$ cat structure33.txt   # compact mmCIF, C-alpha atoms and all ligand atoms
# COMPACT_ATOMS: atom_id res chain seq x y z
CA MET A 1 23.58 15.04 10.51
CA VAL A 2 21.71 17.60 8.41
CA SER A 3 18.08 16.74 7.86
CA PHE A 4 15.85 18.05 5.09
CA PRO A 5 12.27 17.89 6.39
CA PRO A 6 9.55 18.20 3.74
CA THR A 7 7.18 21.13 4.22
CA PRO A 8 4.57 20.35 1.57
CA SER A 9 2.46 23.50 1.70
CA ASN A 10 5.34 25.92 1.23
CA PRO A 11 8.39 23.81 0.47
CA ALA A 12 10.79 26.33 -1.06
CA GLN A 13 12.93 27.85 1.63
CA ASP A 14 12.56 31.35 0.17
CA GLY A 15 8.77 31.00 -0.16
CA SER A 16 8.79 31.04 -3.99
CA PRO A 17 6.38 28.67 -5.77
CA LEU A 18 7.24 25.01 -6.16
CA ILE A 19 8.73 24.01 -9.53
CA LYS A 20 6.63 21.00 -10.39
CA LEU A 21 8.63 18.41 -12.32
CA ASP A 22 6.97 15.35 -10.84
CA SER A 23 4.12 14.38 -13.20
CA ASN A 24 5.27 14.78 -16.81
CA GLU A 25 2.98 17.73 -17.47
CA ASN A 26 3.25 20.33 -20.23
CA PRO A 27 5.48 23.13 -18.87
CA PHE A 28 3.74 25.69 -21.11
CA GLY A 29 0.26 24.85 -19.86
CA PRO A 30 -2.80 24.29 -22.05
CA SER A 31 -2.89 25.49 -25.63
CA PRO A 32 -4.29 29.04 -25.89
CA LEU A 33 -6.91 27.75 -28.32
CA ALA A 34 -7.98 25.18 -25.74
CA LEU A 35 -8.24 27.91 -23.08
CA ASP A 36 -10.65 29.86 -25.31
CA ALA A 37 -12.70 26.72 -25.88
CA ILE A 38 -12.77 26.05 -22.12
CA ARG A 39 -14.20 29.53 -21.48
CA LYS A 40 -16.83 29.01 -24.15
CA ALA A 41 -17.80 25.54 -22.92
CA ALA A 42 -17.91 26.74 -19.30
CA SER A 43 -20.93 28.92 -20.06
CA ARG A 44 -22.86 25.73 -20.93
CA ALA A 45 -21.74 23.81 -17.87
CA HIS A 46 -25.39 23.42 -16.76
CA GLU A 47 -25.96 20.98 -19.68
CA TYR A 48 -24.95 17.32 -19.63
CA PRO A 49 -22.11 16.49 -22.02
CA ASP A 50 -22.46 14.47 -25.23
CA ASP A 51 -22.04 10.96 -23.87
CA ASN A 52 -20.79 9.68 -27.24
CA CYS A 53 -18.18 12.46 -27.60
CA SER A 54 -19.34 12.44 -31.24
CA GLU A 55 -17.60 15.54 -32.54
CA LEU A 56 -14.28 14.63 -30.97
CA ARG A 57 -14.49 11.00 -32.05
CA GLU A 58 -15.24 12.06 -35.61
CA LYS A 59 -12.29 14.41 -35.62
CA LEU A 60 -9.95 11.78 -34.17
CA ALA A 61 -11.17 9.14 -36.64
CA GLU A 62 -10.47 11.51 -39.51
CA LEU A 63 -7.07 12.55 -38.16
CA GLN A 64 -5.94 8.99 -37.52
CA CYS A 65 -7.58 7.53 -40.64
CA VAL A 66 -9.55 4.94 -38.70
CA LYS A 67 -13.28 4.19 -38.68
CA LEU A 68 -15.43 5.95 -36.10
CA GLU A 69 -16.25 2.68 -34.32
CA HIS A 70 -12.53 2.17 -33.65
CA VAL A 71 -12.36 5.30 -31.45
CA SER A 72 -13.41 5.55 -27.81
CA VAL A 73 -12.98 8.76 -25.78
CA THR A 74 -12.56 8.31 -22.04
CA ALA A 75 -11.73 10.21 -18.86
CA GLY A 76 -7.99 10.23 -19.49
CA SER A 77 -6.28 7.30 -21.15
CA THR A 78 -6.33 5.70 -17.70
CA GLY A 79 -10.12 5.75 -18.10
CA MET A 80 -9.70 3.44 -21.11
CA LEU A 81 -7.24 1.28 -19.18
CA SER A 82 -9.75 0.95 -16.38
CA LEU A 83 -12.53 -0.12 -18.76
CA LEU A 84 -10.24 -2.69 -20.41
CA CYS A 85 -9.32 -4.18 -17.04
CA GLN A 86 -12.95 -4.30 -15.90
CA THR A 87 -14.01 -5.88 -19.19
CA LEU A 88 -11.28 -8.45 -19.71
CA LEU A 89 -9.92 -9.33 -16.27
CA ALA A 90 -11.31 -11.19 -13.25
CA PRO A 91 -9.91 -13.28 -10.37
CA GLY A 92 -7.95 -16.22 -11.79
CA LEU A 93 -6.85 -14.25 -14.87
CA ASN A 94 -3.75 -12.11 -15.32
CA ALA A 95 -2.12 -9.28 -17.27
CA VAL A 96 1.55 -9.04 -18.24
CA THR A 97 3.81 -6.00 -18.36
CA SER A 98 7.35 -4.98 -17.47
CA ALA A 99 8.65 -4.17 -14.02
CA CYS A 100 9.26 -0.44 -13.50
CA SER A 101 6.46 0.64 -15.80
CA PHE A 102 3.34 2.79 -15.48
CA ILE A 103 2.11 2.34 -11.92
CA VAL A 104 -1.59 2.51 -12.86
CA TYR A 105 -1.37 -0.89 -14.62
CA ALA A 106 -0.73 -2.57 -11.28
CA MET A 107 -3.46 -0.59 -9.52
CA LEU A 108 -6.16 -1.38 -12.09
CA VAL A 109 -5.24 -5.04 -12.49
CA ARG A 110 -5.34 -5.48 -8.74
CA ALA A 111 -8.71 -3.70 -8.55
CA SER A 112 -10.13 -6.22 -11.04
CA GLY A 113 -9.06 -9.12 -8.79
CA ALA A 114 -6.62 -10.41 -11.42
CA ARG A 115 -2.85 -10.82 -11.08
CA LEU A 116 -0.17 -8.68 -12.69
CA ILE A 117 2.89 -10.52 -13.98
CA GLU A 118 5.92 -8.23 -14.31
CA THR A 119 8.97 -9.24 -16.32
CA PRO A 120 12.41 -7.82 -15.46
CA LEU A 121 13.70 -4.74 -17.28
CA ARG A 122 16.24 -5.23 -20.05
CA GLU A 123 18.55 -2.24 -20.54
CA ASP A 124 16.05 -0.10 -18.59
CA GLY A 125 13.21 -0.95 -21.00
CA PHE A 126 10.68 -3.59 -21.97
CA ASP A 127 12.00 -7.09 -22.67
CA LEU A 128 9.55 -8.33 -25.29
CA ASP A 129 10.95 -11.89 -25.29
CA ALA A 130 10.39 -12.12 -21.54
CA ILE A 131 6.85 -10.78 -21.95
CA LEU A 132 6.09 -13.49 -24.53
CA GLN A 133 7.45 -16.15 -22.20
CA ALA A 134 5.34 -14.84 -19.30
CA ILE A 135 2.04 -15.08 -21.21
CA ASN A 136 0.00 -18.12 -20.15
CA PRO A 137 -3.54 -19.47 -20.82
CA GLU A 138 -4.96 -17.15 -18.12
CA THR A 139 -3.42 -13.98 -19.63
CA ARG A 140 -5.92 -11.56 -21.17
CA LEU A 141 -3.97 -8.29 -21.42
CA VAL A 142 -0.41 -7.20 -22.16
CA PHE A 143 0.56 -3.58 -21.47
CA LEU A 144 3.38 -2.05 -23.52
CA ALA A 145 4.16 1.50 -22.41
CA ASN A 146 5.90 3.01 -25.41
CA PRO A 147 7.76 5.10 -24.38
CA ASN A 148 7.92 3.57 -20.94
CA ASN A 149 7.11 5.63 -17.89
CA PRO A 150 9.25 6.08 -15.77
CA THR A 151 12.37 4.96 -17.69
CA GLY A 152 11.66 6.87 -20.93
CA THR A 153 12.85 3.99 -23.15
CA ILE A 154 11.29 3.37 -26.55
CA LEU A 155 10.41 0.27 -28.54
CA GLU A 156 11.00 0.62 -32.27
CA ALA A 157 8.21 -0.20 -34.72
CA ARG A 158 10.12 -3.21 -36.02
CA GLU A 159 10.39 -4.72 -32.52
CA VAL A 160 6.63 -4.46 -31.93
CA GLU A 161 5.99 -5.76 -35.47
CA LYS A 162 7.98 -8.89 -34.63
CA PHE A 163 6.34 -9.26 -31.20
CA LEU A 164 2.64 -9.05 -32.12
CA PRO A 165 2.30 -12.17 -34.31
CA ALA A 166 3.87 -14.22 -31.52
CA VAL A 167 1.17 -13.17 -29.01
CA PRO A 168 -1.55 -15.84 -28.61
CA ASP A 169 -5.08 -15.07 -29.84
CA HIS A 170 -6.65 -14.91 -26.37
CA VAL A 171 -4.56 -11.85 -25.43
CA VAL A 172 -5.24 -8.16 -26.19
CA VAL A 173 -2.11 -6.00 -26.45
CA VAL A 174 -2.43 -2.45 -25.13
CA ILE A 175 0.08 -0.15 -26.81
CA ASP A 176 0.18 2.85 -24.51
CA GLU A 177 1.41 5.86 -26.48
CA ALA A 178 0.74 8.62 -23.95
CA TYR A 179 3.97 10.35 -25.07
CA TYR A 180 3.39 9.77 -28.78
CA GLU A 181 4.28 13.25 -30.12
CA PHE A 182 7.53 13.46 -28.14
CA ALA A 183 8.57 9.96 -29.16
CA GLU A 184 7.75 10.56 -32.80
CA HIS A 185 10.00 13.63 -32.77
CA PHE A 186 12.92 11.88 -31.08
CA ALA A 187 12.63 8.93 -33.48
CA ALA A 188 12.60 11.22 -36.52
CA ARG A 189 15.74 12.96 -35.23
CA LEU A 190 17.46 9.64 -34.72
CA ARG A 191 16.14 8.29 -38.04
CA PHE A 192 14.24 5.23 -36.92
CA GLU A 193 10.57 4.30 -37.13
CA TYR A 194 8.74 4.67 -33.83
CA SER A 195 5.28 3.23 -34.30
CA ARG A 196 3.00 1.44 -36.74
CA SER A 197 0.32 1.01 -34.10
CA LEU A 198 -2.52 2.58 -36.09
CA GLN A 199 -1.99 0.11 -38.93
CA TYR A 200 -2.87 -2.68 -36.51
CA VAL A 201 -6.03 -0.82 -35.47
CA ARG A 202 -7.03 -0.37 -39.13
CA GLN A 203 -6.51 -4.09 -39.70
CA GLY A 204 -8.79 -4.91 -36.73
CA ALA A 205 -5.97 -6.64 -34.83
CA PRO A 206 -6.51 -7.39 -31.10
CA VAL A 207 -4.61 -4.26 -30.15
CA VAL A 208 -5.75 -1.14 -28.29
CA VAL A 209 -3.67 2.00 -28.78
CA LEU A 210 -3.89 4.60 -26.01
CA ARG A 211 -3.36 8.31 -26.54
CA THR A 212 -4.00 11.24 -24.23
CA PHE A 213 -4.60 14.99 -24.10
CA SER A 214 -2.73 15.14 -20.78
CA LYS A 215 0.79 15.50 -22.16
CA VAL A 216 1.62 17.46 -25.32
CA HIS A 217 -1.79 19.20 -25.27
CA GLY A 218 -1.41 20.25 -21.62
CA LEU A 219 -4.88 19.18 -20.47
CA ALA A 220 -4.02 16.73 -17.68
CA GLY A 221 -6.40 18.40 -15.24
CA LEU A 222 -9.40 17.95 -17.54
CA ARG A 223 -9.04 14.15 -17.72
CA ILE A 224 -9.49 13.29 -21.37
CA GLY A 225 -7.83 10.64 -23.52
CA TYR A 226 -8.80 7.93 -25.97
CA GLY A 227 -8.38 4.37 -27.11
CA LEU A 228 -8.20 3.09 -30.68
CA GLY A 229 -9.05 -0.57 -31.13
CA PRO A 230 -11.44 -3.27 -32.33
CA ALA A 231 -15.04 -2.00 -32.48
CA GLU A 232 -16.49 -5.03 -30.70
CA LEU A 233 -14.09 -4.76 -27.77
CA LEU A 234 -14.61 -1.00 -27.44
CA GLY A 235 -18.36 -1.68 -27.43
CA TYR A 236 -18.02 -4.08 -24.48
CA CYS A 237 -15.82 -1.56 -22.67
CA ALA A 238 -18.37 1.22 -23.23
CA ARG A 239 -20.94 -0.81 -21.27
CA MET A 240 -18.68 -0.57 -18.22
CA ALA A 241 -18.30 3.22 -18.46
CA ASN A 242 -20.05 5.68 -16.18
CA THR A 243 -22.64 7.81 -17.91
CA TYR A 244 -21.40 11.30 -18.79
CA SER A 245 -17.85 10.52 -17.72
CA VAL A 246 -16.17 12.96 -20.13
CA PRO A 247 -17.13 16.58 -19.33
CA SER A 248 -18.15 18.94 -22.15
CA VAL A 249 -15.41 21.39 -21.13
CA ALA A 250 -12.84 18.62 -21.67
CA GLN A 251 -14.35 17.63 -25.03
CA GLY A 252 -14.32 21.27 -26.22
CA ALA A 253 -10.75 21.82 -25.03
CA ALA A 254 -9.54 18.63 -26.72
CA LEU A 255 -11.14 19.59 -30.04
CA ALA A 256 -9.43 22.98 -29.94
CA ALA A 257 -6.09 21.54 -28.79
CA LEU A 258 -5.95 19.29 -31.85
CA ASP A 259 -6.02 22.44 -34.02
CA ASP A 260 -3.18 24.15 -32.17
CA GLN A 261 -0.22 22.92 -34.18
CA SER A 262 2.00 25.75 -32.98
CA HIS A 263 1.48 24.84 -29.32
CA ILE A 264 2.28 21.20 -30.10
CA GLU A 265 5.43 22.17 -32.02
CA LYS A 266 6.62 24.59 -29.35
CA THR A 267 6.15 21.89 -26.70
CA VAL A 268 7.86 19.14 -28.68
CA LEU A 269 10.83 21.29 -29.75
CA ASN A 270 11.45 22.63 -26.25
CA ASN A 271 11.26 19.09 -24.97
CA ALA A 272 13.84 17.72 -27.40
CA GLU A 273 16.27 20.63 -26.80
CA GLN A 274 15.87 20.57 -23.05
CA ALA A 275 16.21 16.79 -22.87
CA GLU A 276 19.80 17.31 -24.04
CA VAL A 277 20.37 20.13 -21.55
CA LEU A 278 19.07 18.07 -18.64
CA ALA A 279 20.85 14.87 -19.63
CA GLY A 280 24.10 16.77 -20.19
CA GLY A 281 23.79 18.66 -16.89
CA LEU A 282 23.03 15.54 -14.88
CA GLU A 283 25.81 13.54 -16.54
CA LYS A 284 28.23 16.33 -15.75
CA LEU A 285 27.26 15.90 -12.12
CA GLY A 286 28.20 12.23 -12.39
CA TYR A 287 24.78 10.62 -12.80
CA ARG A 288 23.81 7.84 -15.21
CA VAL A 289 20.96 9.19 -17.35
CA VAL A 290 18.85 6.92 -19.55
CA PRO A 291 18.25 8.47 -23.01
CA THR A 292 14.62 9.60 -23.08
CA ALA A 293 11.98 9.35 -25.79
CA ALA A 294 9.38 11.12 -23.64
CA ASN A 295 8.96 14.38 -21.70
CA PHE A 296 10.93 13.35 -18.64
CA VAL A 297 14.39 12.10 -17.72
CA TYR A 298 15.16 9.03 -15.63
CA PHE A 299 18.46 8.97 -13.81
CA ASP A 300 20.29 6.91 -11.24
CA VAL A 301 21.39 8.97 -8.25
CA GLY A 302 23.45 6.27 -6.56
CA GLU A 303 21.81 6.87 -3.19
CA ASP A 304 18.32 6.69 -1.66
CA ALA A 305 16.23 8.60 -4.21
CA SER A 306 13.56 9.58 -1.68
CA ILE A 307 16.14 11.42 0.42
CA LEU A 308 17.44 13.36 -2.57
CA ALA A 309 13.88 14.15 -3.69
CA ARG A 310 13.09 15.48 -0.23
CA ARG A 311 16.16 17.71 -0.32
CA LEU A 312 15.14 18.98 -3.76
CA ARG A 313 11.66 19.71 -2.49
CA ALA A 314 13.13 21.79 0.28
CA GLU A 315 14.92 23.71 -2.50
CA GLY A 316 11.57 24.28 -4.22
CA VAL A 317 11.70 21.54 -6.89
CA SER A 318 9.36 18.57 -6.90
CA VAL A 319 10.53 15.41 -8.73
CA ARG A 320 9.49 11.76 -8.51
CA ALA A 321 11.61 9.39 -6.41
CA LEU A 322 11.09 5.89 -7.78
CA ASN A 323 11.46 3.88 -4.57
CA GLY A 324 7.90 2.57 -5.02
CA TRP A 325 8.69 1.42 -8.59
CA GLY A 326 11.46 -0.96 -7.52
CA ALA A 327 14.10 1.60 -8.50
CA PRO A 328 15.06 3.03 -5.09
CA GLN A 329 18.08 4.90 -6.44
CA CYS A 330 16.34 6.48 -9.41
CA ILE A 331 14.52 9.73 -9.99
CA ARG A 332 12.20 10.83 -12.76
CA ALA A 333 12.05 14.54 -13.52
CA SER A 334 9.79 16.16 -16.11
CA ILE A 335 11.45 18.23 -18.80
CA GLY A 336 10.36 21.79 -18.02
CA THR A 337 10.98 25.25 -19.42
CA PRO A 338 14.65 26.23 -19.90
CA GLU A 339 14.43 28.42 -16.79
CA HIS A 340 12.94 25.69 -14.59
CA ASN A 341 15.39 23.10 -15.86
CA GLN A 342 18.30 25.36 -14.96
CA MET A 343 16.86 25.93 -11.50
CA PHE A 344 16.44 22.17 -11.14
CA LEU A 345 20.05 21.47 -12.17
CA ASP A 346 21.29 24.16 -9.78
CA ALA A 347 19.25 22.63 -6.98
CA VAL A 348 20.61 19.14 -7.73
CA ARG A 349 24.14 20.52 -7.66
CA ARG A 350 23.50 22.08 -4.24
CA VAL A 351 21.93 19.06 -2.57
CA SER A 352 23.29 15.89 -4.15
CA SER A 353 26.11 13.97 -2.58
CA LEU A 354 27.69 13.53 -6.02
CA GLY A 355 27.20 17.20 -6.90
CA ARG A 356 29.00 18.22 -3.73
CA LYS A 357 31.94 15.95 -4.62
CA VAL A 358 32.18 17.06 -8.27
CA SER A 359 31.59 20.74 -7.43
CA VAL A 360 31.43 22.23 -10.94
N1 LIG A 401 0.11 5.98 -19.82
C1 LIG A 401 1.32 6.33 -19.42
C2 LIG A 401 2.48 5.48 -19.80
C3 LIG A 401 1.48 7.48 -18.64
O1 LIG A 401 2.69 7.81 -18.21
C4 LIG A 401 0.36 8.26 -18.31
C5 LIG A 401 0.46 9.52 -17.50
N2 LIG A 401 1.31 9.59 -16.49
C6 LIG A 401 -0.87 7.84 -18.74
C7 LIG A 401 -0.97 6.70 -19.51
C8 LIG A 401 -2.12 8.48 -18.25
O2 LIG A 401 -2.55 9.54 -18.87
P1 LIG A 401 -3.98 10.16 -18.63
O3 LIG A 401 -3.73 11.44 -17.95
O4 LIG A 401 -4.51 10.29 -20.01
O5 LIG A 401 -4.86 9.24 -17.82
$ encode --input "structure33.txt" --output "structure tokens" --more "lines below"
Ligand code: PMP
Amino acid sequence: MVSFPPTPSNPAQDGSPLIKLDSNENPFGPSPLALDAIRKAASRAHEYPDDNCSELREKLAELQCVKLEHVSVTAGSTGMLSLLCQTLLAPGLNAVTSACSFIVYAMLVRASGARLIETPLREDGFDLDAILQAINPETRLVFLANPNNPTGTILEAREVEKFLPAVPDHVVVVIDEAYYEFAEHFAARLRFEYSRSLQYVRQGAPVVVLRTFSKVHGLAGLRIGYGLGPAELLGYCARMANTYSVPSVAQGAALAALDDQSHIEKTVLNNAEQAEVLAGGLEKLGYRVVPTAANFVYFDVGEDASILARRLRAEGVSVRALNGWGAPQCIRASIGTPEHNQMFLDAVRRVSSLGRKVSV
């Protein structure tokens, strides 16, 4: 039997660099405007950052048409998630989300001593009726990943609109829109409404919307994101935050990235075009691909995903096998540049059992 041992430090057999399609990052890197701002901010790295992130919060409040006190900037949007879990959860309490969703929900809920209740997937996405049924008197948080990571499925605005009034008053709903710009673009193409989440924030509803600079803005390594929600709740969360947790370099880069419309457009357009290329290529190889609303594709490989991922790594492509997500036959691959996507498809064709059978 042929084995495909992983060699993490230099995995590609020909020694070329690893094509990294495992973490839903921006394939074009940071915005050039953000890179300039990083250089500028780096020269003041001896100074502590603005702990209130005032300039960035003001800019976000203006952009999103919400009041300043509804905006909280954190170390990645997972920073906001962590503060919410520390603030609202404790042993004896619980949070509800879907199975096969963002893995950090489970980690942070567990760290708080609370319990995570996961409802089964429906058509690879969130089942909002099941979530409502799972809520009990001890529930404090509901996490909706929209789009969902890793399946890439989207909830339409009208579905969330119907869901929210049915959620009891003692529960805060987190609407995690890490992939907002990509989803908005896909929804516009398909002519449906993606999200009304900011309306709920403006109304002061018990909802926290999460956004991040890690995806379309290409700043994942700087750890900066934000939450939009009720001022009182954000105030309680802020008390749990570490002092100076958002570096000045990250704040400067985020401010500049918001101005770089052309980088955002380039990223979103490439993503939408290449989503079709990847889905088409994988389907041609015989795989079931779930239509994506994000910057990655989720597909069923019909065999142990970790084995296929290891073979791909040996070919120089890193993807995410979803064995640990309860989807042991599924893989998530980021949507990369056209060149990287082609190399990925070629590698899949070479190593997959299906690809070998279909031999296109
Ligand atoms: N939410 C979801 C659904 C995600 O997929 C991710 C990133 N993988 C995040 C939040 C976290 O983003 P950040 O880098 O801002 O912590």
$ closest_residue --input "structure33.txt" --among "A:Cys53, A:Ala45, A:Val209, A:Leu116" --to "ligand LIG 401 (chain A)" --atoms "only C-alpha atoms and all ligand atoms"
A:Val209
$ closest_residue --input "structure33.txt" --among "A:Ser23, A:Gln86, A:Ser43, A:Thr74" --to "Ala111 of chain A" --atoms "only C-alpha atoms"
A:Gln86
$ residues_around --input "structure33.txt" --residues "Gly76 of chain A" --least-positions-apart "4" --cutoff "12 Å" --atoms "only C-alpha atoms" --output "PyMOL selection string"
chain A and resi 72+80-83+178+210-215+219-227+245-247+250-251+254
$ closest_residue --input "structure33.txt" --among "A:Ala253, A:Ala293, A:Ile131, A:Leu155" --to "Ala42 of chain A" --atoms "all atoms listed in the file"
A:Ala253
$ closest_residue --input "structure33.txt" --among "A:Glu118, A:Asp127, A:Glu273, A:Asp176" --to "ligand LIG 401 (chain A)" --atoms "all atoms listed in the file"
A:Asp176
$ residues_around --input "structure33.txt" --residues "Leu60 of chain A" --least-positions-apart "2" --cutoff "10 Å" --atoms "only C-alpha atoms" --output "PyMOL selection string"
chain A and resi 54-58+62-68+70-73+226+228+255+258
$ closest_residue --input "structure33.txt" --among "A:Ala188, A:Ala134, A:Ala257, A:Ala114" --to "Val96 of chain A" --atoms "all atoms listed in the file"
A:Ala134
$ residues_around --input "structure33.txt" --residues "segment 278-282 of chain A" --least-positions-apart "5" --cutoff "10 Å" --atoms "all atoms listed in the file" --output "VMD selection string"
chain A and resid 273 287 to 292 296 to 301 333 to 336 338 341 to 342 344 to 346 348 to 349 355
$ residues_around --input "structure33.txt" --residues "Asp22 of chain A" --least-positions-apart "3" --cutoff "9 Å" --atoms "only C-alpha atoms" --output "ChimeraX atom specification"
/A:19,25,296,317-321,332-334
$ closest_residue --input "structure33.txt" --among "A:Leu93, A:Ala294, A:Val171, A:Ala347" --to "ligand LIG 401 (chain A)" --atoms "all atoms listed in the file"
A:Ala294
$ atom_distance --input "structure33.txt" --atom1 "atom CA of Phe186 of chain A" --atom2 "atom CA of Leu84 of chain A"
29.4 Å
$ atom_distance --input "structure33.txt" --atom1 "atom CA of Glu177 of chain A" --atom2 "atom CA of Gln329 of chain A"
26.1 Å
$ residues_around --input "structure33.txt" --residues "segment 267-270 of chain A" --least-positions-apart "2" --cutoff "9 Å" --atoms "only C-alpha atoms" --output "list in words"
Asn26, Pro27, Phe28, Glu181, Phe182, His185, Val216, His217, Ser262, His263, Ile264, Glu265, Ala272, Glu273, Gln274, Ala275, Asn295, Ile335, Gly336, Thr337 and Pro338 of chain A
$ atom_distance --input "structure33.txt" --atom1 "atom CA of Asn24 of chain A" --atom2 "atom CA of Arg350 of chain A"
23.3 Å
$ build_atoms --input "structure33.txt" --residues "segment 227-238 of chain A" --atoms "N, CA and C atoms" --output "PDB file, in the frame of the given file"
ATOM      1  N   GLY A 227      -8.900   5.661 -26.683  1.00  0.00           N
ATOM      2  CA  GLY A 227      -8.380   4.370 -27.110  1.00  0.00           C
ATOM      3  C   GLY A 227      -8.793   4.128 -28.550  1.00  0.00           C
ATOM      4  N   LEU A 228      -7.905   3.464 -29.291  1.00  0.00           N
ATOM      5  CA  LEU A 228      -8.200   3.090 -30.680  1.00  0.00           C
ATOM      6  C   LEU A 228      -8.059   1.578 -30.748  1.00  0.00           C
ATOM      7  N   GLY A 229      -9.120   0.892 -31.145  1.00  0.00           N
ATOM      8  CA  GLY A 229      -9.050  -0.570 -31.130  1.00  0.00           C
ATOM      9  C   GLY A 229     -10.219  -1.223 -31.820  1.00  0.00           C
ATOM     10  N   PRO A 230     -10.359  -2.543 -31.655  1.00  0.00           N
ATOM     11  CA  PRO A 230     -11.440  -3.270 -32.330  1.00  0.00           C
ATOM     12  C   PRO A 230     -12.811  -2.787 -31.849  1.00  0.00           C
ATOM     13  N   ALA A 231     -13.729  -2.569 -32.806  1.00  0.00           N
ATOM     14  CA  ALA A 231     -15.040  -2.000 -32.480  1.00  0.00           C
ATOM     15  C   ALA A 231     -15.786  -2.848 -31.448  1.00  0.00           C
ATOM     16  N   GLU A 232     -15.716  -4.171 -31.596  1.00  0.00           N
ATOM     17  CA  GLU A 232     -16.490  -5.030 -30.700  1.00  0.00           C
ATOM     18  C   GLU A 232     -15.974  -4.890 -29.252  1.00  0.00           C
ATOM     19  N   LEU A 233     -14.667  -4.895 -29.111  1.00  0.00           N
ATOM     20  CA  LEU A 233     -14.090  -4.760 -27.770  1.00  0.00           C
ATOM     21  C   LEU A 233     -14.430  -3.395 -27.171  1.00  0.00           C
ATOM     22  N   LEU A 234     -14.297  -2.338 -27.967  1.00  0.00           N
ATOM     23  CA  LEU A 234     -14.610  -1.000 -27.440  1.00  0.00           C
ATOM     24  C   LEU A 234     -16.084  -0.932 -27.033  1.00  0.00           C
ATOM     25  N   GLY A 235     -16.935  -1.630 -27.771  1.00  0.00           N
ATOM     26  CA  GLY A 235     -18.360  -1.680 -27.430  1.00  0.00           C
ATOM     27  C   GLY A 235     -18.586  -2.322 -26.060  1.00  0.00           C
ATOM     28  N   TYR A 236     -17.903  -3.437 -25.801  1.00  0.00           N
ATOM     29  CA  TYR A 236     -18.020  -4.080 -24.480  1.00  0.00           C
ATOM     30  C   TYR A 236     -17.510  -3.142 -23.384  1.00  0.00           C
ATOM     31  N   CYS A 237     -16.399  -2.479 -23.673  1.00  0.00           N
ATOM     32  CA  CYS A 237     -15.820  -1.560 -22.670  1.00  0.00           C
ATOM     33  C   CYS A 237     -16.796  -0.430 -22.370  1.00  0.00           C
ATOM     34  N   ALA A 238     -17.451   0.076 -23.413  1.00  0.00           N
ATOM     35  CA  ALA A 238     -18.370   1.220 -23.230  1.00  0.00           C
ATOM     36  C   ALA A 238     -19.484   0.875 -22.247  1.00  0.00           C
TER      37      ALA A 238
END
